Amino acid sequence: MKILCAVKRVVDYNVKIRVKTDQTGVETANVKFSMNPFDEIAVEEAVRLKESGAATEIVVVAVGPTAAQETLRTALAMGADRAILVQTDLETQPLGVAKALKAIVAKEAPGLVIVGKQAIDDDCNQTGQMLAALLGWGQGAFASKIAAANGELTVTREVDGGMETIALPLPAVVTADLRLNEPRYATLPNIMKAKKKPLEIVAPDALGVDLTPRLTVLKVEEPPTRSAGVKVPDVATLVAKLKNEAKVIP
Amino acid sequence: MSVLLLAEHEQGQLKAATRNAVTAAKAIGGDLHVLVVGSGVAAVADAASKIDGVAKVLVADSALYAHPLAEPLSALIVSLAGGYSHILAPATSTAKNALPRVAALLDVAMLSEITGVVSPHRFVRPIYAGNALATVESADSVQVVTVRPTAFDAAGDGAAAAPVEAVAAVADPALSRFVSADLSKSERPELTAARIVVAGGRGMQSGENFHLLEAIADTLGAAVGASRAAVDAGFVPNDYQVGQTGKIVAPDLYIAVGISGAIQHLAGMKDSKIIVAINKDEEAPIFQVADYGLVADLFKALPELSAEL
């Protein structure tokens, strides 16, 4: 079985982001970028499935700028076999990305697609579900455990009340949640090897996909800041303040 | 303009998040229809029909919807979508699973977790774990939107009940099958609806130590939450997690115990009215957002707190 993973280049999760003073967006100049953490988990799961013999090949796809090649190389260093960049300088939005991925799926015919459940920049949490819909496939969103057997995939999902397990006939789309696995660090020899792995660049036009954003960001603002309050010396003072000052407990 | 709002329910009860989403729907304007999907959900439909501002309740009551699988649920919503300008739902795991599917089938963009309604086509939503707020406009004919419940007040009941109308189930796409559920059972209030939340982090050191928090929670009638670190360490189940990718809460009182205050955690609780932090590390970032901070060893402070209460 071939597995397709999608990865996004995002501002590194350790960066304290700053809103631009003209309110057009978030400062991205001279900021560290890395692979969206949920996508790292998706790639890791694909690599583990390949190591276990359940998968034969891993193709990793990014939809984004030329610089997203770095993100793809990281995925190749983790163990993906081939990479495809759908190159665009447009702001990528979930519906457009899902359409691009659908076009790649039509060419590659994977048995399973694994993507991160959400990107930590736009926090949309949409692309995997949208891709499943466009393909007419089943979906296992927010997966914390997956197992393949008899042409079916069992997915344990994180839901509001706890865990839910569903079965999906393959092909299907899975979106990775935090506890699906702990991604490996790419080793230096694997980073070197990744440089020689194939990376194909395609234009959205060649796929017949229109990536024009459907949503317009009118402005981006800082959220109201919360200021630190007071330190209390002991538990008795704390309880007194909660009762008499904040009046949040009887 | 007209809004179709997917109701959230659990074990035959309408969930409060639905009422918060109703308030967002009212801010958009137009006729508001609530859709209740499930099996044996007459009581949920009845409760939804009483909410102020609801013009009609549609009920799809079928064994097919006993579990909210994304594929049949989105197929049903798409079959009903004609004529609506907006499809809304509170941002629960059910809606986050199904609504992107609805949007893609309708070939429209989706707006996730809005926290403000500027106009019927213009919304505010947090990005970068709530470290920035984007005002976004959609050019699509139908707006598919999830609503962050904590950002809107809960709508109360109105004077008269709205009519309830049955709608037929649509054919099951048969793309997934429910196997089992392992849901946490608790006598305590639900995390996202509780007035007080007591949450523990890595500093709790073990799952057993959470009983210290549970004792306080029970005295206060509070829910118990946790940081990602505590869930990852296996102290408590995943549904306890408060944060960017866990539950978003905004109670009157949030007591963070042994939680350092990573950005991802703050994203889930910084809209709480009063925040208390108890941590032995006085440099912990949680103190920067806390109204009341107590620098103390939690194993000493928690028994004292129990006694004081």
# chains A, B, ... in the order shown; residues from 1 in each chain; ligands from 1
>>> closest_atom_pairs(of="chain B", to="chain A", cutoff="7 Å", atoms="only C-alpha atoms", output="JSON lines")
{"residue": "B:Glu71", "atom": "CA", "partner": "A:Gly138", "partner_atom": "CA", "distance": 6.8}
{"residue": "B:Thr92", "atom": "CA", "partner": "A:Asp160", "partner_atom": "CA", "distance": 6.9}
{"residue": "B:Ser93", "atom": "CA", "partner": "A:Val159", "partner_atom": "CA", "distance": 5.4}
{"residue": "B:Asn97", "atom": "CA", "partner": "A:Ala141", "partner_atom": "CA", "distance": 6.3}
{"residue": "B:Pro100", "atom": "CA", "partner": "A:Gln126", "partner_atom": "CA", "distance": 5.2}
{"residue": "B:Arg101", "atom": "CA", "partner": "A:Met130", "partner_atom": "CA", "distance": 4.9}
{"residue": "B:Ala104", "atom": "CA", "partner": "A:Met130", "partner_atom": "CA", "distance": 5.1}
{"residue": "B:Leu105", "atom": "CA", "partner": "A:Ala133", "partner_atom": "CA", "distance": 6.2}
{"residue": "B:Ala109", "atom": "CA", "partner": "A:Leu95", "partner_atom": "CA", "distance": 6.1}
{"residue": "B:Ser112", "atom": "CA", "partner": "A:Cys124", "partner_atom": "CA", "distance": 5.6}
{"residue": "B:Ile127", "atom": "CA", "partner": "A:Asp122", "partner_atom": "CA", "distance": 5.0}
{"residue": "B:Tyr128", "atom": "CA", "partner": "A:Asp121", "partner_atom": "CA", "distance": 4.7}
{"residue": "B:Ala129", "atom": "CA", "partner": "A:Ile120", "partner_atom": "CA", "distance": 6.9}
{"residue": "B:Asn131", "atom": "CA", "partner": "A:Pro223", "partner_atom": "CA", "distance": 6.3}
{"residue": "B:Ala132", "atom": "CA", "partner": "A:Glu222", "partner_atom": "CA", "distance": 5.0}
{"residue": "B:Leu133", "atom": "CA", "partner": "A:Glu221", "partner_atom": "CA", "distance": 5.1}
{"residue": "B:Ala134", "atom": "CA", "partner": "A:Val220", "partner_atom": "CA", "distance": 4.3}
{"residue": "B:Thr135", "atom": "CA", "partner": "A:Lys219", "partner_atom": "CA", "distance": 5.3}
{"residue": "B:Val136", "atom": "CA", "partner": "A:Val217", "partner_atom": "CA", "distance": 4.5}
{"residue": "B:Glu137", "atom": "CA", "partner": "A:Thr216", "partner_atom": "CA", "distance": 5.1}
{"residue": "B:Ser138", "atom": "CA", "partner": "A:Leu215", "partner_atom": "CA", "distance": 4.7}
{"residue": "B:Ala139", "atom": "CA", "partner": "A:Arg214", "partner_atom": "CA", "distance": 6.2}
{"residue": "B:Leu175", "atom": "CA", "partner": "A:Gly138", "partner_atom": "CA", "distance": 4.5}
{"residue": "B:Ser176", "atom": "CA", "partner": "A:Leu168", "partner_atom": "CA", "distance": 4.6}
{"residue": "B:Arg177", "atom": "CA", "partner": "A:Ala167", "partner_atom": "CA", "distance": 5.1}
{"residue": "B:Phe178", "atom": "CA", "partner": "A:Ile166", "partner_atom": "CA", "distance": 4.5}
{"residue": "B:Val179", "atom": "CA", "partner": "A:Ile166", "partner_atom": "CA", "distance": 4.9}
{"residue": "B:Ser180", "atom": "CA", "partner": "A:Thr165", "partner_atom": "CA", "distance": 5.1}
{"residue": "B:Ala181", "atom": "CA", "partner": "A:Glu164", "partner_atom": "CA", "distance": 4.2}
{"residue": "B:Asp182", "atom": "CA", "partner": "A:Met163", "partner_atom": "CA", "distance": 5.0}
{"residue": "B:Leu183", "atom": "CA", "partner": "A:Gly162", "partner_atom": "CA", "distance": 4.5}
{"residue": "B:Ser184", "atom": "CA", "partner": "A:Gly162", "partner_atom": "CA", "distance": 5.6}
{"residue": "B:Asn238", "atom": "CA", "partner": "A:Gly162", "partner_atom": "CA", "distance": 6.4}
{"residue": "B:Asp239", "atom": "CA", "partner": "A:Gly162", "partner_atom": "CA", "distance": 5.0}
{"residue": "B:Asp252", "atom": "CA", "partner": "A:Val248", "partner_atom": "CA", "distance": 6.6}
{"residue": "B:Leu253", "atom": "CA", "partner": "A:Val248", "partner_atom": "CA", "distance": 6.4}
{"residue": "B:Phe287", "atom": "CA", "partner": "A:Ala228", "partner_atom": "CA", "distance": 6.3}
{"residue": "B:Gln288", "atom": "CA", "partner": "A:Ala228", "partner_atom": "CA", "distance": 4.5}
{"residue": "B:Val289", "atom": "CA", "partner": "A:Ala228", "partner_atom": "CA", "distance": 4.9}
{"residue": "B:Ala290", "atom": "CA", "partner": "A:Ala228", "partner_atom": "CA", "distance": 5.5}
{"residue": "B:Asp291", "atom": "CA", "partner": "A:Gly229", "partner_atom": "CA", "distance": 4.0}
{"residue": "B:Tyr292", "atom": "CA", "partner": "A:Val230", "partner_atom": "CA", "distance": 5.2}
{"residue": "B:Gly293", "atom": "CA", "partner": "A:Lys231", "partner_atom": "CA", "distance": 4.5}
{"residue": "B:Leu294", "atom": "CA", "partner": "A:Val232", "partner_atom": "CA", "distance": 5.4}
{"residue": "B:Ala301", "atom": "CA", "partner": "A:Val235", "partner_atom": "CA", "distance": 6.5}
{"residue": "B:Glu304", "atom": "CA", "partner": "A:Val235", "partner_atom": "CA", "distance": 6.6}
{"residue": "B:Leu305", "atom": "CA", "partner": "A:Val235", "partner_atom": "CA", "distance": 6.0}
{"residue": "B:Glu308", "atom": "CA", "partner": "A:Ala236", "partner_atom": "CA", "distance": 6.7}
>>> residues_around(residues="Ile255 in chain B", least_positions_apart="2", cutoff="9 Å", atoms="only C-alpha atoms", output="list in words")
Ile196, Val197, Val198, Ala199, Gly200, Leu253, Val257, Ile274, Ile275, Val276, Ala277 and Ile278 of chain B
>>> residues_around(residues="Asp89 in chain A", least_positions_apart="4", cutoff="9 Å", atoms="only C-alpha atoms", output="list in words")
Gly64, Pro65 and Thr66 of chain A
>>> write_last_selection(atoms="all heavy atoms", output="PDB file, in the first residue's frame")
ATOM      1  N   GLY A  64       2.592  25.037  -1.369  1.00  0.00           N
ATOM      2  CA  GLY A  64       3.119  26.262  -0.781  1.00  0.00           C
ATOM      3  C   GLY A  64       4.268  26.824  -1.581  1.00  0.00           C
ATOM      4  O   GLY A  64       4.483  26.451  -2.742  1.00  0.00           O
ATOM      5  N   PRO A  65       5.031  27.724  -0.944  1.00  0.00           N
ATOM      6  CA  PRO A  65       6.103  28.425  -1.650  1.00  0.00           C
ATOM      7  C   PRO A  65       7.317  27.531  -1.899  1.00  0.00           C
ATOM      8  O   PRO A  65       7.414  26.431  -1.343  1.00  0.00           O
ATOM      9  CB  PRO A  65       6.467  29.558  -0.690  1.00  0.00           C
ATOM     10  CG  PRO A  65       6.142  29.011   0.655  1.00  0.00           C
ATOM     11  CD  PRO A  65       4.940  28.137   0.462  1.00  0.00           C
ATOM     12  N   THR A  66       8.255  28.034  -2.698  1.00  0.00           N
ATOM     13  CA  THR A  66       9.490  27.313  -2.999  1.00  0.00           C
ATOM     14  C   THR A  66      10.179  26.845  -1.724  1.00  0.00           C
ATOM     15  O   THR A  66      10.725  25.745  -1.670  1.00  0.00           O
ATOM     16  CB  THR A  66      10.436  28.248  -3.781  1.00  0.00           C
ATOM     17  OG1 THR A  66       9.685  28.773  -4.882  1.00  0.00           O
ATOM     18  CG2 THR A  66      11.640  27.504  -4.318  1.00  0.00           C
TER      19      THR A  66
END
>>> closest_residue(among="A:Leu4, A:Ala149, A:Ile201, A:Leu49", to="Ala67 in chain A", atoms="only C-alpha atoms")
A:Ile201
>>> residues_around(residues="range 76-81 of chain A", least_positions_apart="5", cutoff="7 Å", atoms="only C-alpha atoms", output="ChimeraX atom specification")
/A:47,57-60,186,190-191,194,197
>>> write_last_selection(atoms="N, CA, C and O atoms", output="mmCIF file, in the first residue's frame")
data_model
loop_
_atom_site.group_PDB
_atom_site.id
_atom_site.type_symbol
_atom_site.label_atom_id
_atom_site.label_comp_id
_atom_site.auth_asym_id
_atom_site.auth_seq_id
_atom_site.Cartn_x
_atom_site.Cartn_y
_atom_site.Cartn_z
ATOM 1 N N VAL A 47 5.717 6.389 8.307
ATOM 2 C CA VAL A 47 7.017 5.700 8.344
ATOM 3 C C VAL A 47 6.906 4.425 9.187
ATOM 4 O O VAL A 47 7.411 3.364 8.818
ATOM 5 N N GLU A 57 5.310 2.368 0.142
ATOM 6 C CA GLU A 57 5.926 3.616 -0.311
ATOM 7 C C GLU A 57 5.225 4.803 0.341
ATOM 8 O O GLU A 57 4.017 4.763 0.561
ATOM 9 N N ILE A 58 6.005 5.850 0.645
ATOM 10 C CA ILE A 58 5.421 7.065 1.234
ATOM 11 C C ILE A 58 5.731 8.256 0.328
ATOM 12 O O ILE A 58 6.904 8.564 0.064
ATOM 13 N N VAL A 59 4.670 8.891 -0.150
ATOM 14 C CA VAL A 59 4.824 10.100 -0.954
ATOM 15 C C VAL A 59 4.368 11.273 -0.095
ATOM 16 O O VAL A 59 3.292 11.227 0.504
ATOM 17 N N VAL A 60 5.202 12.301 -0.014
ATOM 18 C CA VAL A 60 4.852 13.442 0.823
ATOM 19 C C VAL A 60 4.638 14.669 -0.068
ATOM 20 O O VAL A 60 5.387 14.900 -1.011
ATOM 21 N N ALA A 186 15.232 13.403 12.630
ATOM 22 C CA ALA A 186 15.975 12.894 11.486
ATOM 23 C C ALA A 186 17.456 12.834 11.858
ATOM 24 O O ALA A 186 17.993 13.772 12.439
ATOM 25 N N ASN A 190 20.499 10.297 7.501
ATOM 26 C CA ASN A 190 19.211 10.326 6.800
ATOM 27 C C ASN A 190 18.941 11.692 6.167
ATOM 28 O O ASN A 190 18.303 11.780 5.121
ATOM 29 N N ILE A 191 19.435 12.750 6.808
ATOM 30 C CA ILE A 191 19.288 14.090 6.215
ATOM 31 C C ILE A 191 20.109 14.144 4.921
ATOM 32 O O ILE A 191 19.641 14.675 3.906
ATOM 33 N N ALA A 194 18.360 12.184 2.282
ATOM 34 C CA ALA A 194 17.129 12.843 1.834
ATOM 35 C C ALA A 194 17.395 13.823 0.699
ATOM 36 O O ALA A 194 16.541 14.076 -0.138
ATOM 37 N N LYS A 197 16.858 12.130 -2.561
ATOM 38 C CA LYS A 197 15.544 11.554 -2.895
ATOM 39 C C LYS A 197 14.798 12.476 -3.866
ATOM 40 O O LYS A 197 14.985 13.685 -3.840
#
>>> residues_around(residues="Pro183 in chain A", least_positions_apart="6", cutoff="10 Å", atoms="only C-alpha atoms", output="PyMOL selection string")
chain A and resi 37-45+47-48+78
>>> write_last_selection(atoms="N, CA, C and O atoms", output="PDB file, in the first residue's frame")
ATOM      1  N   PRO A  37       3.692  20.727  13.405  1.00  0.00           N
ATOM      2  CA  PRO A  37       3.898  19.583  14.305  1.00  0.00           C
ATOM      3  C   PRO A  37       2.929  18.412  14.072  1.00  0.00           C
ATOM      4  O   PRO A  37       3.317  17.254  14.170  1.00  0.00           O
ATOM      5  N   PHE A  38       1.686  18.707  13.752  1.00  0.00           N
ATOM      6  CA  PHE A  38       0.725  17.623  13.511  1.00  0.00           C
ATOM      7  C   PHE A  38       1.073  16.856  12.228  1.00  0.00           C
ATOM      8  O   PHE A  38       0.788  15.666  12.125  1.00  0.00           O
ATOM      9  N   ASP A  39       1.683  17.555  11.270  1.00  0.00           N
ATOM     10  CA  ASP A  39       2.092  16.889  10.027  1.00  0.00           C
ATOM     11  C   ASP A  39       3.300  15.985  10.279  1.00  0.00           C
ATOM     12  O   ASP A  39       3.451  14.935   9.640  1.00  0.00           O
ATOM     13  N   GLU A  40       4.150  16.399  11.220  1.00  0.00           N
ATOM     14  CA  GLU A  40       5.284  15.542  11.609  1.00  0.00           C
ATOM     15  C   GLU A  40       4.758  14.217  12.151  1.00  0.00           C
ATOM     16  O   GLU A  40       5.299  13.155  11.859  1.00  0.00           O
ATOM     17  N   ILE A  41       3.692  14.315  12.951  1.00  0.00           N
ATOM     18  CA  ILE A  41       3.091  13.099  13.520  1.00  0.00           C
ATOM     19  C   ILE A  41       2.521  12.236  12.400  1.00  0.00           C
ATOM     20  O   ILE A  41       2.646  11.002  12.423  1.00  0.00           O
ATOM     21  N   ALA A  42       1.926  12.886  11.388  1.00  0.00           N
ATOM     22  CA  ALA A  42       1.362  12.151  10.246  1.00  0.00           C
ATOM     23  C   ALA A  42       2.464  11.407   9.485  1.00  0.00           C
ATOM     24  O   ALA A  42       2.324  10.220   9.155  1.00  0.00           O
ATOM     25  N   VAL A  43       3.579  12.090   9.243  1.00  0.00           N
ATOM     26  CA  VAL A  43       4.692  11.463   8.514  1.00  0.00           C
ATOM     27  C   VAL A  43       5.262  10.307   9.343  1.00  0.00           C
ATOM     28  O   VAL A  43       5.522   9.212   8.816  1.00  0.00           O
ATOM     29  N   GLU A  44       5.422  10.545  10.641  1.00  0.00           N
ATOM     30  CA  GLU A  44       5.950   9.503  11.518  1.00  0.00           C
ATOM     31  C   GLU A  44       5.076   8.246  11.452  1.00  0.00           C
ATOM     32  O   GLU A  44       5.585   7.118  11.373  1.00  0.00           O
ATOM     33  N   GLU A  45       3.763   8.441  11.472  1.00  0.00           N
ATOM     34  CA  GLU A  45       2.863   7.289  11.445  1.00  0.00           C
ATOM     35  C   GLU A  45       3.023   6.519  10.131  1.00  0.00           C
ATOM     36  O   GLU A  45       3.021   5.279  10.126  1.00  0.00           O
ATOM     37  N   VAL A  47       5.717   6.389   8.307  1.00  0.00           N
ATOM     38  CA  VAL A  47       7.017   5.700   8.344  1.00  0.00           C
ATOM     39  C   VAL A  47       6.906   4.425   9.187  1.00  0.00           C
ATOM     40  O   VAL A  47       7.411   3.364   8.818  1.00  0.00           O
ATOM     41  N   ARG A  48       6.175   4.527  10.307  1.00  0.00           N
ATOM     42  CA  ARG A  48       6.006   3.334  11.157  1.00  0.00           C
ATOM     43  C   ARG A  48       5.216   2.255  10.427  1.00  0.00           C
ATOM     44  O   ARG A  48       5.505   1.062  10.568  1.00  0.00           O
ATOM     45  N   MET A  78      12.901  11.936   7.478  1.00  0.00           N
ATOM     46  CA  MET A  78      12.222  11.099   8.476  1.00  0.00           C
ATOM     47  C   MET A  78      11.922   9.713   7.914  1.00  0.00           C
ATOM     48  O   MET A  78      11.683   8.765   8.683  1.00  0.00           O
TER      49      MET A  78
END
>>> atom_distance(atom1="CA of Asp218 in chain B", atom2="CA of Val231 in chain B")
20.8 Å
>>> decode(residues="range 53-65 of chain A", atoms="all heavy atoms", output="compact mmCIF listing (two decimals), in the first residue's frame")
# COMPACT_ATOMS: atom_id res chain seq x y z
N GLY A 53 5.72 -3.06 7.66
CA GLY A 53 5.39 -3.87 6.49
C GLY A 53 3.99 -3.61 5.95
O GLY A 53 3.58 -4.17 4.93
N ALA A 54 3.23 -2.73 6.63
CA ALA A 54 1.86 -2.45 6.18
C ALA A 54 1.83 -1.48 4.99
O ALA A 54 0.83 -1.39 4.29
CB ALA A 54 1.04 -1.87 7.34
N ALA A 55 2.93 -0.77 4.78
CA ALA A 55 2.99 0.17 3.65
C ALA A 55 4.27 -0.09 2.85
O ALA A 55 5.26 -0.58 3.39
CB ALA A 55 2.96 1.60 4.15
N THR A 56 4.21 0.25 1.56
CA THR A 56 5.36 0.00 0.69
C THR A 56 6.07 1.28 0.29
O THR A 56 7.28 1.29 0.07
CB THR A 56 4.91 -0.73 -0.58
OG1 THR A 56 3.79 -0.02 -1.12
CG2 THR A 56 4.52 -2.16 -0.27
N GLU A 57 5.31 2.37 0.14
CA GLU A 57 5.93 3.62 -0.31
C GLU A 57 5.23 4.80 0.34
O GLU A 57 4.02 4.76 0.56
CB GLU A 57 5.81 3.74 -1.84
CG GLU A 57 6.63 4.90 -2.39
CD GLU A 57 6.37 5.19 -3.87
OE1 GLU A 57 5.37 4.70 -4.41
OE2 GLU A 57 7.19 5.93 -4.46
N ILE A 58 6.00 5.85 0.65
CA ILE A 58 5.42 7.06 1.23
C ILE A 58 5.73 8.26 0.33
O ILE A 58 6.90 8.56 0.06
CB ILE A 58 6.00 7.34 2.64
CG1 ILE A 58 5.75 6.15 3.56
CG2 ILE A 58 5.39 8.62 3.23
CD1 ILE A 58 6.59 6.16 4.82
N VAL A 59 4.67 8.89 -0.15
CA VAL A 59 4.82 10.10 -0.95
C VAL A 59 4.37 11.27 -0.09
O VAL A 59 3.29 11.23 0.50
CB VAL A 59 3.97 10.03 -2.24
CG1 VAL A 59 4.14 11.30 -3.07
CG2 VAL A 59 4.35 8.80 -3.06
N VAL A 60 5.20 12.30 -0.01
CA VAL A 60 4.85 13.44 0.82
C VAL A 60 4.64 14.67 -0.07
O VAL A 60 5.39 14.90 -1.01
CB VAL A 60 5.92 13.65 1.92
CG1 VAL A 60 7.29 13.88 1.35
CG2 VAL A 60 5.54 14.77 2.86
N VAL A 61 3.57 15.41 0.22
CA VAL A 61 3.17 16.54 -0.63
C VAL A 61 3.08 17.81 0.20
O VAL A 61 2.59 17.78 1.34
CB VAL A 61 1.78 16.28 -1.26
CG1 VAL A 61 1.41 17.40 -2.24
CG2 VAL A 61 1.73 14.93 -1.93
N ALA A 62 3.56 18.92 -0.37
CA ALA A 62 3.33 20.22 0.25
C ALA A 62 2.70 21.12 -0.81
O ALA A 62 2.99 20.99 -1.99
CB ALA A 62 4.64 20.82 0.74
N VAL A 63 1.81 22.00 -0.35
CA VAL A 63 1.26 23.01 -1.24
C VAL A 63 1.72 24.34 -0.65
O VAL A 63 1.30 24.69 0.47
CB VAL A 63 -0.28 22.94 -1.29
CG1 VAL A 63 -0.85 23.98 -2.25
CG2 VAL A 63 -0.75 21.54 -1.68
N GLY A 64 2.59 25.04 -1.37
CA GLY A 64 3.12 26.26 -0.78
C GLY A 64 4.27 26.82 -1.58
O GLY A 64 4.48 26.45 -2.74
N PRO A 65 5.03 27.72 -0.94
CA PRO A 65 6.10 28.43 -1.65
C PRO A 65 7.32 27.53 -1.90
O PRO A 65 7.41 26.43 -1.34
CB PRO A 65 6.47 29.56 -0.69
CG PRO A 65 6.14 29.01 0.65
CD PRO A 65 4.94 28.14 0.46
